[in-house]
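Q: Pasting input_29.tsv below, which is TSV, C-alpha atoms.
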chain	number	residue	atom	x	y	z
A	1	MET	CA	-33.66	2.41	17.12
A	2	SER	CA	-31.21	-0.49	17.65
A	3	SER	CA	-31.61	-2.94	20.52
A	4	THR	CA	-29.59	-5.33	22.67
A	5	ASN	CA	-29.84	-9.13	22.50
A	6	THR	CA	-32.51	-8.98	25.21
A	7	GLY	CA	-34.59	-6.59	23.15
A	8	GLU	CA	-33.76	-3.55	25.27
A	9	ALA	CA	-33.73	-0.40	23.14
A	10	ILE	CA	-30.43	1.49	22.86
A	11	PRO	CA	-30.98	5.23	22.53
A	12	PRO	CA	-29.11	7.01	19.75
A	13	THR	CA	-25.86	8.78	20.61
A	14	GLN	CA	-25.44	12.35	19.45
A	15	LYS	CA	-22.19	12.71	17.53
A	16	THR	CA	-20.65	15.59	15.64
A	17	ILE	CA	-19.85	14.50	12.12
A	18	ILE	CA	-17.40	16.82	10.37
A	19	ILE	CA	-17.59	16.60	6.59
A	20	THR	CA	-15.11	18.14	4.16
A	21	ARG	CA	-17.03	20.31	1.70
A	22	PHE	CA	-15.78	21.59	-1.63
A	23	ASP	CA	-17.90	23.18	-4.32
A	24	PRO	CA	-15.72	23.84	-7.37
A	25	ASP	CA	-18.01	26.73	-8.38
A	26	LYS	CA	-17.81	28.55	-5.04
A	27	ASP	CA	-14.93	27.33	-2.88
A	28	GLU	CA	-11.29	28.14	-3.46
A	29	VAL	CA	-10.20	25.38	-1.09
A	30	PRO	CA	-12.02	22.60	0.77
A	31	ARG	CA	-13.67	23.59	4.04
A	32	LYS	CA	-15.19	21.72	6.98
A	33	GLN	CA	-18.84	21.59	7.94
A	34	GLU	CA	-20.18	20.11	11.16
A	35	TYR	CA	-23.43	18.20	11.57
A	36	SER	CA	-25.00	16.92	14.77
A	37	VAL	CA	-26.24	13.41	14.07
A	38	PRO	CA	-28.24	11.05	16.33
A	39	CYS	CA	-26.27	7.86	15.68
A	40	GLU	CA	-27.73	4.41	16.27
A	41	ASP	CA	-25.52	1.89	18.06
A	42	ASN	CA	-25.30	-0.43	15.04
A	43	TRP	CA	-24.54	2.26	12.45
A	44	LYS	CA	-21.65	2.19	10.09
A	45	VAL	CA	-19.93	5.47	9.20
A	46	LEU	CA	-21.74	5.44	5.87
A	47	ASP	CA	-25.09	5.38	7.70
A	48	ALA	CA	-24.22	8.68	9.37
A	49	VAL	CA	-23.28	10.25	6.03
A	50	ASN	CA	-26.51	8.91	4.51
A	51	PHE	CA	-28.45	10.41	7.43
A	52	ILE	CA	-26.86	13.79	6.76
A	53	LYS	CA	-27.70	13.54	3.06
A	54	ASP	CA	-31.30	12.41	3.71
A	55	GLU	CA	-32.22	14.52	6.72
A	56	LEU	CA	-29.86	17.44	7.19
A	57	ASP	CA	-28.17	18.57	4.01
A	58	ALA	CA	-29.02	17.16	0.59
A	59	THR	CA	-26.10	18.98	-1.03
A	60	VAL	CA	-23.44	16.66	0.44
A	61	SER	CA	-21.82	14.67	-2.37
A	62	TYR	CA	-20.17	11.28	-1.94
A	63	ARG	CA	-20.02	7.87	-3.60
A	64	TRP	CA	-21.57	4.70	-2.30
A	65	SER	CA	-23.43	1.73	-3.66
A	66	CYS	CA	-23.50	-1.81	-2.29
A	67	ARG	CA	-23.22	-1.29	1.50
A	68	MET	CA	-21.48	-4.67	1.85
A	69	ALA	CA	-17.79	-3.99	1.10
A	70	VAL	CA	-17.95	-5.27	-2.45
A	71	CYS	CA	-18.30	-2.28	-4.77
A	72	GLY	CA	-15.39	-0.32	-3.27
A	73	SER	CA	-16.98	3.09	-3.83
A	74	CYS	CA	-17.45	4.43	-0.29
A	75	GLY	CA	-13.80	4.82	0.68
A	76	MET	CA	-13.17	7.95	2.77
A	77	MET	CA	-10.73	9.20	5.39
A	78	VAL	CA	-12.29	8.65	8.81
A	79	ASN	CA	-10.37	10.45	11.55
A	80	GLY	CA	-7.34	10.44	9.29
A	81	GLU	CA	-7.45	6.75	8.35
A	82	PRO	CA	-8.58	5.46	4.94
A	83	LYS	CA	-11.66	3.32	5.57
A	84	LEU	CA	-14.41	1.63	3.66
A	85	THR	CA	-17.23	3.49	5.39
A	86	CYS	CA	-19.84	0.75	4.88
A	87	LYS	CA	-17.57	-1.63	6.80
A	88	THR	CA	-16.50	0.70	9.60
A	89	SER	CA	-18.59	0.83	12.78
A	90	LEU	CA	-19.31	4.33	13.96
A	91	LYS	CA	-19.14	3.28	17.61
A	92	GLU	CA	-15.38	2.73	17.21
A	93	TYR	CA	-15.08	6.52	17.24
A	94	GLY	CA	-15.70	9.19	19.85
A	95	ASP	CA	-18.10	12.12	19.84
A	96	ARG	CA	-16.43	13.86	16.90
A	97	VAL	CA	-15.84	12.02	13.66
A	98	ASP	CA	-13.91	13.75	10.90
A	99	ILE	CA	-14.80	12.46	7.43
A	100	GLU	CA	-12.63	13.62	4.54
A	101	PRO	CA	-12.20	12.59	0.91
A	102	LEU	CA	-9.55	9.96	0.25
A	103	ALA	CA	-6.09	11.45	0.68
A	104	ASN	CA	-3.72	11.76	-2.29
A	105	PHE	CA	-6.55	12.23	-4.82
A	106	PRO	CA	-7.79	15.52	-6.31
A	107	ILE	CA	-11.20	16.44	-4.92
A	108	VAL	CA	-14.00	16.86	-7.44
A	109	ARG	CA	-16.67	17.80	-4.92
A	110	ASP	CA	-17.08	17.25	-1.16
A	111	LEU	CA	-16.12	13.60	-0.58
A	112	VAL	CA	-15.90	12.68	-4.26
A	113	VAL	CA	-12.39	12.27	-5.64
A	114	GLU	CA	-11.02	12.31	-9.17
A	115	LEU	CA	-10.53	8.76	-10.50
A	116	ASP	CA	-8.97	9.40	-13.90
A	117	GLY	CA	-5.36	9.11	-12.77
A	118	PHE	CA	-6.14	5.91	-10.92
A	119	MET	CA	-7.80	4.41	-14.00
A	120	HIS	CA	-4.85	5.34	-16.22
A	121	LYS	CA	-2.52	3.60	-13.78
A	122	PHE	CA	-4.67	0.48	-14.01
A	123	GLU	CA	-4.64	0.60	-17.79
A	124	ALA	CA	-0.86	0.99	-17.79
A	125	VAL	CA	-0.25	-2.51	-16.38
A	126	LYS	CA	-2.30	-4.15	-19.15
A	127	PRO	CA	-4.71	-5.92	-16.80
A	128	TRP	CA	-5.98	-8.58	-19.13
A	129	ILE	CA	-4.74	-11.98	-20.24
A	130	LYS	CA	-2.21	-11.47	-22.99
A	131	ARG	CA	-1.42	-14.30	-25.34
A	132	ALA	CA	1.76	-14.30	-27.41
A	133	LYS	CA	-0.50	-14.71	-30.40
A	134	GLU	CA	-4.04	-15.89	-30.67
A	135	LYS	CA	-3.88	-19.62	-31.06
A	136	ALA	CA	-6.36	-22.00	-32.60
A	137	GLU	CA	-6.68	-23.78	-29.27
A	138	ASP	CA	-7.61	-20.48	-27.58
A	139	LYS	CA	-10.86	-20.43	-29.49
A	140	ALA	CA	-11.43	-24.10	-28.86
A	141	ALA	CA	-10.77	-23.56	-25.16
A	142	LEU	CA	-13.65	-21.15	-24.94
A	143	HIS	CA	-15.92	-24.15	-25.37
A	144	ASP	CA	-13.86	-26.83	-23.63
A	145	THR	CA	-12.47	-26.06	-20.20
A	146	LYS	CA	-10.05	-29.00	-20.38
A	147	LEU	CA	-8.06	-27.29	-23.12
A	148	THR	CA	-5.75	-24.28	-23.04
A	149	PHE	CA	-7.43	-22.21	-20.34
A	150	SER	CA	-7.74	-24.95	-17.76
A	151	GLN	CA	-5.91	-24.12	-14.56
A	152	SER	CA	-5.06	-26.17	-11.51
A	153	THR	CA	-6.09	-25.11	-8.01
A	154	GLU	CA	-2.42	-24.64	-7.23
A	155	GLU	CA	-1.93	-22.33	-10.22
A	156	LEU	CA	-5.00	-20.36	-9.19
A	157	GLY	CA	-3.64	-20.12	-5.65
A	158	ASN	CA	-0.58	-18.26	-6.94
A	159	PHE	CA	-2.64	-15.17	-7.75
A	160	LYS	CA	-6.18	-15.57	-6.39
A	161	GLN	CA	-5.49	-13.33	-3.41
A	162	PHE	CA	-4.45	-10.48	-5.71
A	163	SER	CA	-7.60	-10.79	-7.80
A	164	MET	CA	-9.79	-9.97	-4.80
A	165	CYS	CA	-9.13	-6.22	-5.09
A	166	ILE	CA	-12.31	-4.12	-5.23
A	167	ASN	CA	-10.53	-0.96	-6.44
A	168	CYS	CA	-11.53	1.00	-3.36
A	169	MET	CA	-8.30	3.05	-3.55
A	170	LEU	CA	-7.69	2.97	0.20
A	171	CYS	CA	-4.18	1.69	-0.50
A	172	TYR	CA	-3.38	4.81	-2.55
A	173	SER	CA	-4.54	7.02	0.30
A	174	ALA	CA	-2.42	5.14	2.83
A	175	CYS	CA	0.72	4.89	0.70
A	176	PRO	CA	3.43	7.40	1.74
A	177	VAL	CA	5.12	6.96	-1.64
A	178	VAL	CA	1.96	8.00	-3.53
A	179	ALA	CA	1.76	11.04	-1.22
A	180	ASN	CA	5.25	12.13	-2.24
A	181	GLU	CA	5.29	10.83	-5.79
A	182	PRO	CA	1.82	11.15	-7.37
A	183	ASP	CA	2.98	9.44	-10.57
A	184	PHE	CA	3.89	6.27	-8.67
A	185	LEU	CA	1.96	3.42	-10.28
A	186	GLY	CA	0.74	2.47	-6.83
A	187	PRO	CA	-0.24	-0.66	-4.90
A	188	ALA	CA	-3.52	-1.71	-6.53
A	189	ALA	CA	-2.31	-1.29	-10.13
A	190	ILE	CA	0.93	-3.17	-9.46
A	191	ALA	CA	-0.97	-5.91	-7.60
A	192	LEU	CA	-3.27	-6.23	-10.59
A	193	GLY	CA	-0.38	-6.42	-13.05
A	194	HIS	CA	1.33	-8.98	-10.83
A	195	ARG	CA	-1.91	-10.95	-10.65
A	196	TYR	CA	-1.83	-11.37	-14.44
A	197	ASN	CA	1.90	-12.12	-14.41
A	198	MET	CA	1.20	-14.99	-12.01
A	199	ASP	CA	-1.67	-16.31	-14.10
A	200	SER	CA	-0.64	-19.53	-15.85
A	201	ARG	CA	-2.81	-18.62	-18.87
A	202	ASP	CA	-1.06	-15.31	-19.43
A	203	GLU	CA	1.95	-14.70	-21.68
A	204	GLY	CA	2.46	-10.99	-21.11
A	205	ASN	CA	5.04	-11.21	-18.30
A	206	ALA	CA	7.93	-9.79	-20.32
A	207	GLU	CA	5.90	-6.77	-21.35
A	208	ARG	CA	4.61	-6.05	-17.84
A	209	ASN	CA	7.99	-6.65	-16.25
A	210	GLU	CA	9.46	-4.08	-18.59
A	211	ILE	CA	6.83	-1.63	-17.32
A	212	PHE	CA	7.63	-2.63	-13.74
A	213	ARG	CA	11.33	-1.91	-14.27
A	214	GLY	CA	10.49	1.62	-15.39
A	215	GLU	CA	10.55	4.78	-13.30
A	216	GLY	CA	7.79	5.26	-10.71
A	217	THR	CA	6.80	1.62	-10.52
A	218	VAL	CA	7.76	-1.27	-8.26
A	219	PHE	CA	11.19	0.02	-7.25
A	220	SER	CA	9.69	3.28	-5.97
A	221	CYS	CA	7.96	1.24	-3.26
A	222	SER	CA	9.68	1.56	0.11
A	223	PHE	CA	7.76	-1.41	1.55
A	224	ALA	CA	5.97	0.70	4.12
A	225	ASN	CA	3.25	-1.98	4.11
A	226	GLU	CA	0.60	0.68	4.73
A	227	CYS	CA	-1.38	-0.50	1.69
A	228	SER	CA	-1.79	-3.97	3.14
A	229	GLU	CA	-2.63	-2.61	6.58
A	230	VAL	CA	-5.63	-0.67	5.27
A	231	CYS	CA	-6.84	-3.13	2.61
A	232	PRO	CA	-10.43	-4.10	3.52
A	233	LYS	CA	-10.23	-7.33	1.48
A	234	ASN	CA	-6.84	-8.61	2.72
A	235	VAL	CA	-5.41	-8.50	-0.79
A	236	ASP	CA	-1.93	-7.70	0.57
A	237	PRO	CA	-0.76	-5.41	-2.23
A	238	ALA	CA	2.58	-4.90	-0.47
A	239	ALA	CA	3.30	-8.59	-1.04
A	240	ALA	CA	2.36	-8.24	-4.71
A	241	VAL	CA	4.59	-5.19	-5.21
A	242	ASN	CA	7.58	-6.85	-3.59
A	243	GLN	CA	7.07	-10.14	-5.40
A	244	ALA	CA	6.83	-8.09	-8.59
A	245	LYS	CA	10.23	-6.54	-7.79
A	246	PHE	CA	11.72	-10.02	-7.60
A	247	GLU	CA	10.03	-11.15	-10.81
A	248	ALA	CA	11.13	-8.00	-12.65
A	249	VAL	CA	14.76	-8.52	-11.63
A	250	ILE	CA	14.72	-12.23	-12.51
A	251	ASP	CA	13.15	-11.41	-15.86
A	252	TRP	CA	15.87	-8.80	-16.49
A	253	ALA	CA	18.61	-11.28	-15.52
A	254	LYS	CA	17.14	-13.94	-17.80
A	255	GLY	CA	17.20	-11.39	-20.61
A	256	LEU	CA	20.97	-11.06	-20.18
A	257	VAL	CA	21.68	-14.73	-20.79
A	258	LEU	CA	18.71	-16.00	-22.77
A	259	PRO	CA	17.27	-14.89	-26.10
A	260	SER	CA	14.49	-12.40	-25.41
A	261	PRO	CA	11.08	-14.10	-25.38
A	262	SER	CA	8.52	-12.74	-27.77
A	263	SER	CA	5.80	-10.97	-25.87
A	264	GLY	CA	3.54	-11.02	-28.85
A	265	GLY	CA	1.04	-8.51	-30.15
A	266	SER	CA	-0.17	-5.29	-28.72
A	267	ASN	CA	-3.65	-6.29	-27.64
B	1	MET	CA	-9.66	-9.80	-30.35
B	2	ALA	CA	-12.68	-7.58	-29.82
B	3	GLY	CA	-12.03	-3.94	-29.03
B	4	PRO	CA	-12.99	-2.34	-25.70
B	5	ALA	CA	-16.67	-1.64	-25.18
B	6	HIS	CA	-16.01	2.04	-24.60
B	7	PRO	CA	-12.79	2.88	-26.44
B	8	HIS	CA	-12.65	6.45	-25.10
B	9	SER	CA	-13.53	5.68	-21.51
B	10	MET	CA	-9.89	5.74	-20.44
B	11	ALA	CA	-8.68	8.56	-22.64
B	12	PRO	CA	-6.63	11.20	-20.80
B	13	PRO	CA	-8.82	13.99	-19.45
B	14	LYS	CA	-8.86	17.27	-21.32
B	15	PRO	CA	-7.04	20.06	-19.47
B	16	ALA	CA	-9.25	22.02	-17.07
B	17	ARG	CA	-12.21	19.81	-17.86
B	18	THR	CA	-13.23	19.98	-14.22
B	19	ARG	CA	-11.80	22.25	-11.58
B	20	ALA	CA	-10.70	19.99	-8.77
B	21	ALA	CA	-9.11	20.77	-5.44
B	22	PRO	CA	-5.56	19.44	-5.22
B	23	PRO	CA	-4.99	16.25	-3.27
B	24	GLN	CA	-4.83	16.78	0.46
B	25	MET	CA	-3.67	14.82	3.44
B	26	PRO	CA	-5.60	14.85	6.72
B	27	SER	CA	-4.16	17.52	9.00
B	28	THR	CA	-3.29	14.81	11.54
B	29	TRP	CA	-1.76	12.38	9.06
B	30	TRP	CA	1.47	12.15	11.04
B	31	ASN	CA	-0.37	11.37	14.27
B	32	THR	CA	-1.94	8.05	13.36
B	33	PRO	CA	-0.24	5.11	15.11
B	34	ARG	CA	0.80	3.35	11.89
B	35	MET	CA	2.18	6.52	10.35
B	36	ARG	CA	4.12	7.30	13.53
B	37	THR	CA	5.76	3.87	13.31
B	38	TYR	CA	6.59	4.41	9.66
B	39	LEU	CA	8.02	7.87	10.31
B	40	LEU	CA	10.11	6.41	13.11
B	41	PHE	CA	11.35	3.74	10.70
B	42	ASP	CA	12.25	6.37	8.11
B	43	ALA	CA	13.97	8.52	10.74
B	44	THR	CA	16.38	5.69	11.53
B	45	GLY	CA	18.11	6.65	8.28
B	46	ILE	CA	19.46	9.75	10.07
B	47	ILE	CA	21.03	7.54	12.75
B	48	TYR	CA	22.70	5.36	10.13
B	49	LEU	CA	24.05	8.47	8.40
B	50	LEU	CA	25.62	9.54	11.71
B	51	VAL	CA	26.97	6.01	12.26
B	52	GLY	CA	28.58	6.34	8.83
B	53	PHE	CA	30.28	9.59	9.88
B	54	VAL	CA	31.61	7.90	13.05
B	55	ALA	CA	32.91	4.98	10.97
B	56	ILE	CA	34.68	7.37	8.56
B	57	ARG	CA	36.22	9.22	11.51
B	58	MET	CA	37.50	5.94	12.96
B	59	ILE	CA	38.96	4.85	9.61
B	60	ARG	CA	40.76	8.20	9.29
B	61	ALA	CA	42.11	7.83	12.84
B	62	LEU	CA	43.34	4.35	11.96
B	63	ALA	CA	45.13	5.78	8.93
B	64	ASP	CA	46.71	8.54	11.05
B	65	GLY	CA	48.55	6.09	13.28
B	66	PRO	CA	48.36	4.48	16.73
B	67	VAL	CA	48.19	7.73	18.71
B	68	ALA	CA	45.25	9.07	16.73
B	69	TRP	CA	43.57	5.67	16.92
B	70	GLN	CA	43.93	5.51	20.72
B	71	ALA	CA	42.56	9.05	21.04
B	72	ALA	CA	39.61	8.19	18.86
B	73	MET	CA	38.92	5.02	20.82
B	74	GLN	CA	39.09	6.99	24.05
B	75	SER	CA	36.62	9.54	22.74
B	76	LEU	CA	34.12	6.72	22.19
B	77	GLU	CA	33.99	6.28	25.97
B	78	ASN	CA	32.26	9.66	26.22
B	79	PRO	CA	28.71	9.17	27.60
B	80	MET	CA	27.37	11.02	24.54
B	81	TYR	CA	28.94	8.43	22.23
B	82	ILE	CA	27.76	5.56	24.42
B	83	GLY	CA	24.22	6.99	24.38
B	84	PHE	CA	24.41	7.36	20.61
B	85	HIS	CA	25.51	3.77	20.16
B	86	VAL	CA	22.75	2.48	22.44
B	87	LEU	CA	20.30	4.46	20.31
B	88	SER	CA	21.88	2.95	17.18
B	89	LEU	CA	21.48	-0.55	18.63
B	90	ILE	CA	17.80	0.05	19.42
B	91	SER	CA	17.35	1.44	15.93
B	92	VAL	CA	18.99	-1.61	14.31
B	93	ILE	CA	16.81	-3.97	16.35
B	94	PHE	CA	13.68	-2.00	15.39
B	95	VAL	CA	14.53	-2.06	11.68
B	96	ALA	CA	15.58	-5.72	11.75
B	97	VAL	CA	12.40	-6.85	13.50
B	98	ARG	CA	10.29	-4.86	11.05
B	99	PHE	CA	12.22	-6.26	8.08
B	100	PHE	CA	11.95	-9.82	9.38
B	101	ARG	CA	8.20	-9.39	9.88
B	102	LEU	CA	7.69	-8.28	6.27
B	103	PHE	CA	10.30	-10.52	4.61
B	104	PRO	CA	8.18	-13.68	4.13
B	105	LYS	CA	5.51	-11.87	2.13
B	106	ALA	CA	8.09	-10.60	-0.35
B	107	GLN	CA	9.01	-14.15	-1.34
B	108	PRO	CA	7.87	-15.33	-4.76
B	109	PRO	CA	5.22	-18.09	-4.61
B	110	SER	CA	7.67	-20.42	-6.32
B	111	ILE	CA	11.00	-20.53	-8.12
B	112	GLY	CA	10.61	-23.34	-10.63
B	113	PRO	CA	9.51	-26.36	-8.64
B	114	LEU	CA	10.76	-24.85	-5.36
B	115	LYS	CA	8.35	-23.20	-2.98
B	116	PRO	CA	9.42	-21.01	-0.07
B	117	PRO	CA	8.99	-22.51	3.39
B	118	PRO	CA	6.09	-21.31	5.56
B	119	GLY	CA	6.36	-17.82	7.05
B	120	PRO	CA	7.14	-18.99	10.62
B	121	VAL	CA	10.07	-21.09	9.32
B	122	ILE	CA	11.46	-18.09	7.43
B	123	HIS	CA	11.03	-15.95	10.56
B	124	ALA	CA	12.82	-18.51	12.71
B	125	ALA	CA	15.68	-18.87	10.20
B	126	LEU	CA	16.18	-15.10	10.03
B	127	TYR	CA	16.31	-14.78	13.83
B	128	VAL	CA	18.64	-17.78	14.20
B	129	VAL	CA	21.06	-16.37	11.62
B	130	TRP	CA	20.88	-12.86	13.12
B	131	ILE	CA	21.51	-14.04	16.68
B	132	GLY	CA	24.19	-16.50	15.53
B	133	VAL	CA	26.13	-13.91	13.51
B	134	THR	CA	25.85	-11.38	16.35
B	135	ALA	CA	27.15	-13.95	18.84
B	136	VAL	CA	30.11	-14.93	16.62
B	137	MET	CA	31.03	-11.29	15.98
B	138	SER	CA	30.73	-10.43	19.69
B	139	LEU	CA	32.99	-13.32	20.65
B	140	ALA	CA	35.47	-12.38	17.91
B	141	LEU	CA	35.57	-8.72	18.99
B	142	ALA	CA	36.01	-9.80	22.62
B	143	GLY	CA	39.01	-11.89	21.56
B	144	VAL	CA	37.45	-15.17	22.71
B	145	ILE	CA	37.62	-16.71	19.26
B	146	PHE	CA	39.83	-16.09	16.21
Represent the structure of the file as structure tokens.
A:
Amino acid sequence: MSSTNTGEAIPPTQKTIIITRFDPDKDEVPRKQEYSVPCEDNWKVLDAVNFIKDELDATVSYRWSCRMAVCGSCGMMVNGEPKLTCKTSLKEYGDRVDIEPLANFPIVRDLVVELDGFMHKFEAVKPWIKRAKEKAEDKAALHDTKLTFSQSTEELGNFKQFSMCINCMLCYSACPVVANEPDFLGPAAIALGHRYNMDSRDEGNAERNEIFRGEGTVFSCSFANECSEVCPKNVDPAAAVNQAKFEAVIDWAKGLVLPSPSSGGSN
Amino acid sequence: MAGPAHPHSMAPPKPARTRAAPPQMPSTWWNTPRMRTYLLFDATGIIYLLVGFVAIRMIRALADGPVAWQAAMQSLENPMYIGFHVLSLISVIFVAVRFFRLFPKAQPPSIGPLKPPPGPVIHAALYVVWIGVTAVMSLALAGVIF
């Protein structure tokens, strides 16, 4: 039982937790199941789901791991809003709390969503440092930080914010463009690609900008800003997407007047 | 360069590997405060479409001569038209304020050696230009200047 600062015990509050259930072997469509849960004052939403799993119904399936907003696995819709459930206090909500799988993703089982499409979108932006060609100094730099891979604080500041993404996928659930256009590359993947484009060590800008100028990428974004509103790590993917639009256009314009830069190999 | 640790981990899934329920939106998706604001923003497009129709009608009246133009101008005094234009004004202010709020974050971190000014400076500049242009156009339309 939780307690106040003066040590006074706070009795649990009975809440109705409504979980979306889907068993691919039995259910045609997802259904709702209600559980009455005695919720402690200091509980997060994830604690209530864990209580259901441990005490009421062991068949409930969901993902979670770190409980400290780092692993990004416990994202769910809580009363219609995408939330990281380990970071969301249950007392923010009333007597009935509706917990659903992340919107815009196929449901594998209960609160577990299909990740394959999301992973393919990540892969599409080539999220690794691309060098035009492997240089002798690259190998040397692995052992001497003052060589090729050294980076100033200012250079790091250009992209550090975008590298804080924990891949929780809340931005995909909040994005109205993803809802209407499932093939849209989406906020996190574009932010990741932009993160590498802004990295002073990277030489893959031309290749990624070509991807970004394609259909269903940065120019599909209507700047709803929903992704940034729900991001639990303040990554601001909307900023990344819209900066990527600018970079993609500038890169295209440069290509009109300058000889095309070699983007190197296909690593 | 070394290959990926698990070269097949990102391979496309085989068809019907797992039966999954299609993506779903919460039944109350439209009723969350942020989504209501976004829907309102999107709905302003309808108002601008109607403003476009009014503009086309006025251009046609102008082409049809002074009598048609006067009649068209007189029709704009109808309370329905006035109400519509007030709604259009509110809509423009709503969209402009939203755009100005988001504009600084869309700026690139740098263009060559140049860095964008801080967000509040960009905000202030946008509002100054907006108010200034509106004031000049209002004075021009009122015949005070030009």
Q: Mind running chain A against chain B at 6 Å and telling me each contacting residue's nearest atom pair with the distance in Å (one decimal), counting only C-alpha atoms, chain and number ascending, as a tab-separated table?
A:
residue	atom	partner	partner_atom	distance
A:Pro24	CA	B:Arg19	CA	6.0
A:Gly80	CA	B:Pro26	CA	5.4
A:Ala103	CA	B:Met25	CA	5.0
A:Asn104	CA	B:Pro23	CA	4.8
A:Phe105	CA	B:Pro23	CA	4.6
A:Pro106	CA	B:Pro23	CA	4.2
A:Ile107	CA	B:Ala21	CA	4.8
A:Val108	CA	B:Ala20	CA	4.7
A:Ala239	CA	B:Lys105	CA	5.1
A:Asn242	CA	B:Ala106	CA	5.0
A:Gln243	CA	B:Ala106	CA	5.2
Q: Pick from A:Ala69, A:Ser200, A:Cys168, A:Arg96: nearest to Ile129 (chain A), with all atoms listed in the file counted?
A: A:Ser200
Q: Counting all atoms listed in the file, I want the residues whose atoms come within 12 Å of (-15.8, -0.4, 5.2) in the file frame, returned as JSON, numbers by chain.
A: {"A": [43, 44, 45, 46, 47, 64, 65, 66, 67, 68, 69, 70, 71, 72, 73, 74, 75, 76, 77, 78, 81, 82, 83, 84, 85, 86, 87, 88, 89, 90, 166, 168, 170, 230, 231, 232, 233]}
Q: Of the residues A:Glu114, A:Pro187, A:Ile250, A:Ser222, which is the one nearest to Gly112 (chain B), using all atoms listed in the file?
A: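 With all atoms listed in the file as the atom set, the closest residue is A:Ile250.
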Q: Which is closer to Ala55 (chain B) than all the others in B:Ala43, B:Ile131, B:Val67, B:Leu76, using all atoms listed in the file?
A: B:Leu76
Q: Quick one: residues within 8 Å of His123 (chain B), all atoms listed in the file counted, chain neighbours fewer than 4 positions away excluded, as a list of chain:residue names?
A: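 Listing them by chain and then by number gives B:Phe100, B:Arg101, B:Pro104, B:Gly119, B:Tyr127.
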Q: Could you write out that same residue set with C-alpha atoms as a short mmCIF file (atom, residue, chain, number, x, y, z; two decimals), keeping the file's coordinate frame?
A:
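Below is the file again39.cif, written as the result:
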data_model
loop_
_atom_site.label_atom_id
_atom_site.label_comp_id
_atom_site.auth_asym_id
_atom_site.auth_seq_id
_atom_site.Cartn_x
_atom_site.Cartn_y
_atom_site.Cartn_z
CA PHE B 100 11.95 -9.82 9.38
CA ARG B 101 8.20 -9.39 9.88
CA PRO B 104 8.18 -13.68 4.13
CA GLY B 119 6.36 -17.82 7.05
CA TYR B 127 16.31 -14.78 13.83
#
Q: Between A:Pro127, A:Pro237, A:Pro30, A:Pro182, single out the one closest to Arg109 (chain A), counting all atoms listed in the file.
A: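 Once distances to Arg109 (chain A) are computed over all atoms listed in the file, the minimum belongs to A:Pro30.
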Q: Just checking: using all atoms listed in the file, which residue out of A:Asp251, A:Val112, A:Arg213, A:Ala224 ends up closest to Leu40 (chain B)?
A: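 With all atoms listed in the file as the atom set, the closest residue is A:Ala224.
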Q: Using all atoms listed in the file, which protein or nucleic acid residues come within 12 Å of Asp41 (chain A)? Drop anything in the same chain fewer than 2 positions from it, and give the result as a ChimeraX atom specification.
A: /A:1-4,9-15,38-39,43-45,47-48,89-93
Q: Report the distance between CA of Val37 (chain A) and CA of Thr16 (chain A) in Å, rounded to one decimal place.
A: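 Distance between the two atoms: 6.2 Å.
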Q: Quick one, how far is CA of Lys121 (chain A) from CA of Gly186 (chain A)?
A: 7.8 Å
